[in-house]
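These notes concern the structure reproduced below.
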Amino acid sequence: MMQGIRIRQPGRKDKEQMMKLVRKLYSKKSRKQIELFDQNYLNCLQSTYIAEKDGKIIAYLALGGNQTKIDIGDLYVLKDYRRFGIASELIRLTIERAKKMGRKFIEVSPRKWNKAAQKLYAKFGFKQIG
């Protein structure tokens with residue numbers, strides 16, 4: 001992974017930067033998703049990881065789930081920081097977290113057009129179901 005990257009869970013002070021990333025991910029196509037994230041930000045802090053470099057949030061991974069599985073809802077890395085292993089590290093942390101929590105499954109739903117995400121998940125042994 002790239003030098004100088006710190007991965008952690010976000011806090012209240014990170015909301016403005018997080019919202020910038022969410023807006024980039026969803027653009028204007030999904031205003032409802034952006035509003036939901038904004039409204040539920042404080043409830044999501046414990047189920048989100050962020051990657052930052054020099055105080056700037058450059059990636060995030062948002063999780064959901066239930067008693068038997070973890071869902072990777074969003075995984076987004078700013079374009080200039082892709083292909084440096086950041087997404088891989090976020091997925092590795094998610095797998096570690098699932099094991100510690102006793103979850104048997106991790107569910108991901110990459111968009112059909114997102115071949116890079118599909119390849120990344122396959123690298124970690126995720127299989128397509130359905």
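Following the order of the structure tokens, chains are lettered A, B, ..., residues in each are numbered from 1, and ligands are numbered from 1.
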
What are the DSSP strand (DSSP E or B) residues of chain A, as a PyMOL selection string? chain A and resi 5-8+48-53+56-65+69-77+105-108

Neighbouring residues of stretch 104-110 of chain A were defined as those with any atom within 12 Å, considering only C-alpha atoms; residues of the same chain fewer than 2 positions away were excluded. Please report them as number ranges by chain. A: 61-76, 91-102, 112-122, 124-130

Run DSSP on the backbone of this structure and report the residues of chain A it assigns to alpha helix (DSSP H), as a PDB file with N, CA and C atoms, in the first residue's frame.
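Below you can see out.pdb, which holds the result:
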```
ATOM      1  N   LYS A  15     -17.202  14.456   8.629  1.00  0.00           N
ATOM      2  CA  LYS A  15     -18.427  14.414   7.836  1.00  0.00           C
ATOM      3  C   LYS A  15     -18.318  15.204   6.529  1.00  0.00           C
ATOM      4  N   GLU A  16     -17.790  16.398   6.574  1.00  0.00           N
ATOM      5  CA  GLU A  16     -17.731  17.222   5.364  1.00  0.00           C
ATOM      6  C   GLU A  16     -16.918  16.541   4.261  1.00  0.00           C
ATOM      7  N   GLN A  17     -15.760  16.007   4.624  1.00  0.00           N
ATOM      8  CA  GLN A  17     -14.937  15.307   3.627  1.00  0.00           C
ATOM      9  C   GLN A  17     -15.618  14.031   3.139  1.00  0.00           C
ATOM     10  N   MET A  18     -16.264  13.313   4.058  1.00  0.00           N
ATOM     11  CA  MET A  18     -16.971  12.092   3.674  1.00  0.00           C
ATOM     12  C   MET A  18     -18.083  12.397   2.677  1.00  0.00           C
ATOM     13  N   MET A  19     -18.813  13.463   2.936  1.00  0.00           N
ATOM     14  CA  MET A  19     -19.914  13.827   2.042  1.00  0.00           C
ATOM     15  C   MET A  19     -19.399  14.170   0.649  1.00  0.00           C
ATOM     16  N   LYS A  20     -18.212  14.748   0.543  1.00  0.00           N
ATOM     17  CA  LYS A  20     -17.624  15.032  -0.777  1.00  0.00           C
ATOM     18  C   LYS A  20     -17.390  13.731  -1.544  1.00  0.00           C
ATOM     19  N   LEU A  21     -16.882  12.713  -0.844  1.00  0.00           N
ATOM     20  CA  LEU A  21     -16.658  11.417  -1.497  1.00  0.00           C
ATOM     21  C   LEU A  21     -17.969  10.766  -1.908  1.00  0.00           C
ATOM     22  N   VAL A  22     -18.956  10.825  -1.030  1.00  0.00           N
ATOM     23  CA  VAL A  22     -20.260  10.229  -1.328  1.00  0.00           C
ATOM     24  C   VAL A  22     -20.873  10.917  -2.551  1.00  0.00           C
ATOM     25  N   ARG A  23     -20.755  12.229  -2.623  1.00  0.00           N
ATOM     26  CA  ARG A  23     -21.288  12.956  -3.785  1.00  0.00           C
ATOM     27  C   ARG A  23     -20.572  12.547  -5.069  1.00  0.00           C
ATOM     28  N   LYS A  24     -19.259  12.298  -4.989  1.00  0.00           N
ATOM     29  CA  LYS A  24     -18.515  11.853  -6.175  1.00  0.00           C
ATOM     30  C   LYS A  24     -18.963  10.454  -6.592  1.00  0.00           C
ATOM     31  N   LEU A  25     -19.171   9.594  -5.604  1.00  0.00           N
ATOM     32  CA  LEU A  25     -19.582   8.227  -5.912  1.00  0.00           C
ATOM     33  C   LEU A  25     -20.957   8.187  -6.561  1.00  0.00           C
ATOM     34  N   TYR A  26     -21.894   8.913  -5.989  1.00  0.00           N
ATOM     35  CA  TYR A  26     -23.271   8.836  -6.467  1.00  0.00           C
ATOM     36  C   TYR A  26     -23.643   9.932  -7.449  1.00  0.00           C
ATOM     37  N   ARG A  31     -29.541  11.199  -5.821  1.00  0.00           N
ATOM     38  CA  ARG A  31     -29.653  12.218  -4.782  1.00  0.00           C
ATOM     39  C   ARG A  31     -30.192  11.620  -3.471  1.00  0.00           C
ATOM     40  N   LYS A  32     -31.108  10.656  -3.603  1.00  0.00           N
ATOM     41  CA  LYS A  32     -31.695  10.022  -2.420  1.00  0.00           C
ATOM     42  C   LYS A  32     -30.631   9.304  -1.596  1.00  0.00           C
ATOM     43  N   GLN A  33     -29.706   8.615  -2.245  1.00  0.00           N
ATOM     44  CA  GLN A  33     -28.628   7.906  -1.553  1.00  0.00           C
ATOM     45  C   GLN A  33     -27.724   8.896  -0.808  1.00  0.00           C
ATOM     46  N   ILE A  34     -27.442  10.023  -1.432  1.00  0.00           N
ATOM     47  CA  ILE A  34     -26.624  11.059  -0.805  1.00  0.00           C
ATOM     48  C   ILE A  34     -27.330  11.600   0.434  1.00  0.00           C
ATOM     49  N   GLU A  35     -28.616  11.861   0.317  1.00  0.00           N
ATOM     50  CA  GLU A  35     -29.386  12.369   1.458  1.00  0.00           C
ATOM     51  C   GLU A  35     -29.442  11.355   2.599  1.00  0.00           C
ATOM     52  N   LEU A  36     -29.602  10.075   2.256  1.00  0.00           N
ATOM     53  CA  LEU A  36     -29.628   9.025   3.277  1.00  0.00           C
ATOM     54  C   LEU A  36     -28.310   8.955   4.045  1.00  0.00           C
ATOM     55  N   PHE A  37     -27.223   9.012   3.309  1.00  0.00           N
ATOM     56  CA  PHE A  37     -25.911   8.965   3.951  1.00  0.00           C
ATOM     57  C   PHE A  37     -25.747  10.160   4.880  1.00  0.00           C
ATOM     58  N   ASP A  38     -26.148  11.322   4.419  1.00  0.00           N
ATOM     59  CA  ASP A  38     -26.049  12.551   5.210  1.00  0.00           C
ATOM     60  C   ASP A  38     -26.869  12.433   6.501  1.00  0.00           C
ATOM     61  N   GLN A  39     -28.095  11.965   6.385  1.00  0.00           N
ATOM     62  CA  GLN A  39     -28.984  11.848   7.547  1.00  0.00           C
ATOM     63  C   GLN A  39     -28.504  10.805   8.551  1.00  0.00           C
ATOM     64  N   TYR A  41     -25.319   9.688   8.974  1.00  0.00           N
ATOM     65  CA  TYR A  41     -23.862   9.718   9.139  1.00  0.00           C
ATOM     66  C   TYR A  41     -23.418   9.256  10.531  1.00  0.00           C
ATOM     67  N   LEU A  42     -23.970   9.833  11.568  1.00  0.00           N
ATOM     68  CA  LEU A  42     -23.527   9.501  12.925  1.00  0.00           C
ATOM     69  C   LEU A  42     -23.789   8.040  13.284  1.00  0.00           C
ATOM     70  N   ASN A  43     -24.841   7.454  12.717  1.00  0.00           N
ATOM     71  CA  ASN A  43     -25.152   6.043  12.975  1.00  0.00           C
ATOM     72  C   ASN A  43     -24.201   5.096  12.243  1.00  0.00           C
ATOM     73  N   CYS A  44     -23.514   5.602  11.235  1.00  0.00           N
ATOM     74  CA  CYS A  44     -22.663   4.755  10.384  1.00  0.00           C
ATOM     75  C   CYS A  44     -21.197   4.756  10.788  1.00  0.00           C
ATOM     76  N   ILE A  86      -5.136   0.398  -1.717  1.00  0.00           N
ATOM     77  CA  ILE A  86      -5.991   0.936  -0.656  1.00  0.00           C
ATOM     78  C   ILE A  86      -7.273   0.121  -0.534  1.00  0.00           C
ATOM     79  N   ALA A  87      -7.931  -0.142  -1.642  1.00  0.00           N
ATOM     80  CA  ALA A  87      -9.169  -0.934  -1.609  1.00  0.00           C
ATOM     81  C   ALA A  87      -8.890  -2.338  -1.071  1.00  0.00           C
ATOM     82  N   SER A  88      -7.772  -2.919  -1.462  1.00  0.00           N
ATOM     83  CA  SER A  88      -7.408  -4.251  -0.963  1.00  0.00           C
ATOM     84  C   SER A  88      -7.252  -4.243   0.551  1.00  0.00           C
ATOM     85  N   GLU A  89      -6.629  -3.206   1.081  1.00  0.00           N
ATOM     86  CA  GLU A  89      -6.446  -3.124   2.530  1.00  0.00           C
ATOM     87  C   GLU A  89      -7.792  -2.954   3.235  1.00  0.00           C
ATOM     88  N   LEU A  90      -8.681  -2.172   2.665  1.00  0.00           N
ATOM     89  CA  LEU A  90     -10.010  -1.998   3.254  1.00  0.00           C
ATOM     90  C   LEU A  90     -10.784  -3.317   3.262  1.00  0.00           C
ATOM     91  N   ILE A  91     -10.668  -4.086   2.191  1.00  0.00           N
ATOM     92  CA  ILE A  91     -11.338  -5.396   2.133  1.00  0.00           C
ATOM     93  C   ILE A  91     -10.698  -6.354   3.134  1.00  0.00           C
ATOM     94  N   ARG A  92      -9.371  -6.341   3.236  1.00  0.00           N
ATOM     95  CA  ARG A  92      -8.688  -7.206   4.191  1.00  0.00           C
ATOM     96  C   ARG A  92      -9.163  -6.911   5.619  1.00  0.00           C
ATOM     97  N   LEU A  93      -9.306  -5.639   5.961  1.00  0.00           N
ATOM     98  CA  LEU A  93      -9.801  -5.263   7.289  1.00  0.00           C
ATOM     99  C   LEU A  93     -11.239  -5.741   7.505  1.00  0.00           C
ATOM    100  N   THR A  94     -12.039  -5.693   6.453  1.00  0.00           N
ATOM    101  CA  THR A  94     -13.421  -6.156   6.545  1.00  0.00           C
ATOM    102  C   THR A  94     -13.472  -7.658   6.793  1.00  0.00           C
ATOM    103  N   ILE A  95     -12.646  -8.399   6.104  1.00  0.00           N
ATOM    104  CA  ILE A  95     -12.585  -9.854   6.299  1.00  0.00           C
ATOM    105  C   ILE A  95     -12.157 -10.169   7.727  1.00  0.00           C
ATOM    106  N   GLU A  96     -11.148  -9.457   8.211  1.00  0.00           N
ATOM    107  CA  GLU A  96     -10.683  -9.630   9.596  1.00  0.00           C
ATOM    108  C   GLU A  96     -11.807  -9.313  10.590  1.00  0.00           C
ATOM    109  N   ARG A  97     -12.521  -8.242  10.331  1.00  0.00           N
ATOM    110  CA  ARG A  97     -13.629  -7.845  11.212  1.00  0.00           C
ATOM    111  C   ARG A  97     -14.727  -8.906  11.222  1.00  0.00           C
ATOM    112  N   ALA A  98     -15.059  -9.437  10.043  1.00  0.00           N
ATOM    113  CA  ALA A  98     -16.097 -10.466   9.944  1.00  0.00           C
ATOM    114  C   ALA A  98     -15.719 -11.700  10.769  1.00  0.00           C
ATOM    115  N   LYS A  99     -14.457 -12.088  10.680  1.00  0.00           N
ATOM    116  CA  LYS A  99     -13.990 -13.249  11.456  1.00  0.00           C
ATOM    117  C   LYS A  99     -14.112 -12.992  12.950  1.00  0.00           C
ATOM    118  N   LYS A 100     -13.676 -11.812  13.398  1.00  0.00           N
ATOM    119  CA  LYS A 100     -13.745 -11.478  14.823  1.00  0.00           C
ATOM    120  C   LYS A 100     -15.180 -11.449  15.330  1.00  0.00           C
ATOM    121  N   MET A 101     -16.109 -11.049  14.451  1.00  0.00           N
ATOM    122  CA  MET A 101     -17.520 -10.955  14.839  1.00  0.00           C
ATOM    123  C   MET A 101     -18.254 -12.286  14.676  1.00  0.00           C
ATOM    124  N   LYS A 115     -15.900  -3.677 -13.835  1.00  0.00           N
ATOM    125  CA  LYS A 115     -15.047  -4.867 -13.967  1.00  0.00           C
ATOM    126  C   LYS A 115     -13.870  -4.844 -12.985  1.00  0.00           C
ATOM    127  N   ALA A 116     -13.341  -3.646 -12.684  1.00  0.00           N
ATOM    128  CA  ALA A 116     -12.218  -3.552 -11.747  1.00  0.00           C
ATOM    129  C   ALA A 116     -12.638  -4.035 -10.359  1.00  0.00           C
ATOM    130  N   ALA A 117     -13.832  -3.648  -9.913  1.00  0.00           N
ATOM    131  CA  ALA A 117     -14.326  -4.084  -8.604  1.00  0.00           C
ATOM    132  C   ALA A 117     -14.557  -5.590  -8.601  1.00  0.00           C
ATOM    133  N   GLN A 118     -15.126  -6.113  -9.664  1.00  0.00           N
ATOM    134  CA  GLN A 118     -15.365  -7.547  -9.744  1.00  0.00           C
ATOM    135  C   GLN A 118     -14.045  -8.322  -9.657  1.00  0.00           C
ATOM    136  N   LYS A 119     -13.033  -7.824 -10.347  1.00  0.00           N
ATOM    137  CA  LYS A 119     -11.713  -8.464 -10.331  1.00  0.00           C
ATOM    138  C   LYS A 119     -11.094  -8.391  -8.930  1.00  0.00           C
ATOM    139  N   LEU A 120     -11.237  -7.258  -8.277  1.00  0.00           N
ATOM    140  CA  LEU A 120     -10.708  -7.083  -6.926  1.00  0.00           C
ATOM    141  C   LEU A 120     -11.354  -8.066  -5.955  1.00  0.00           C
ATOM    142  N   TYR A 121     -12.666  -8.163  -5.983  1.00  0.00           N
ATOM    143  CA  TYR A 121     -13.353  -9.081  -5.085  1.00  0.00           C
ATOM    144  C   TYR A 121     -12.985 -10.532  -5.386  1.00  0.00           C
ATOM    145  N   ALA A 122     -12.838 -10.863  -6.658  1.00  0.00           N
ATOM    146  CA  ALA A 122     -12.447 -12.229  -7.036  1.00  0.00           C
ATOM    147  C   ALA A 122     -11.061 -12.567  -6.486  1.00  0.00           C
ATOM    148  N   LYS A 123     -10.178 -11.579  -6.449  1.00  0.00           N
ATOM    149  CA  LYS A 123      -8.826 -11.780  -5.911  1.00  0.00           C
ATOM    150  C   LYS A 123      -8.874 -12.233  -4.450  1.00  0.00           C
TER     151      LYS A 123
END
```

Find the residues near A:Val77: any atom within 8 Å, counting only C-alpha atoms, skip ones fewer than 4 places away on the same chain, and give them as number ranges by chain. A: 58-60, 81-82, 86-87

Using C-alpha atoms, can you write the selected residues to a file as a PDB file, in the first residue's frame?
```pdb
ATOM      1  CA  ILE A  58      -9.131   9.595  -0.098  1.00  0.00           C
ATOM      2  CA  ALA A  59     -11.242   6.438   0.278  1.00  0.00           C
ATOM      3  CA  TYR A  60     -14.018   4.888   2.302  1.00  0.00           C
ATOM      4  CA  TYR A  81      -5.247   7.065  -5.468  1.00  0.00           C
ATOM      5  CA  ARG A  82      -6.448   3.928  -7.232  1.00  0.00           C
ATOM      6  CA  ILE A  86      -5.991   0.936  -0.656  1.00  0.00           C
ATOM      7  CA  ALA A  87      -9.169  -0.934  -1.609  1.00  0.00           C
TER       8      ALA A  87
END
```

Tell me, in Å to one decimal, how far atom CA of A:Asp54 is from atom CA of A:Arg6.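 Distance reported for this atom pair: 8.9 Å.
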
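With only C-alpha atoms taken into account, the protein and nucleic acid residues at most 7 Å from A:Ile7 (excluding it and anything under 4 positions from it in its own chain) are Tyr49, Ile50, Ala51 and Glu52 of chain A.
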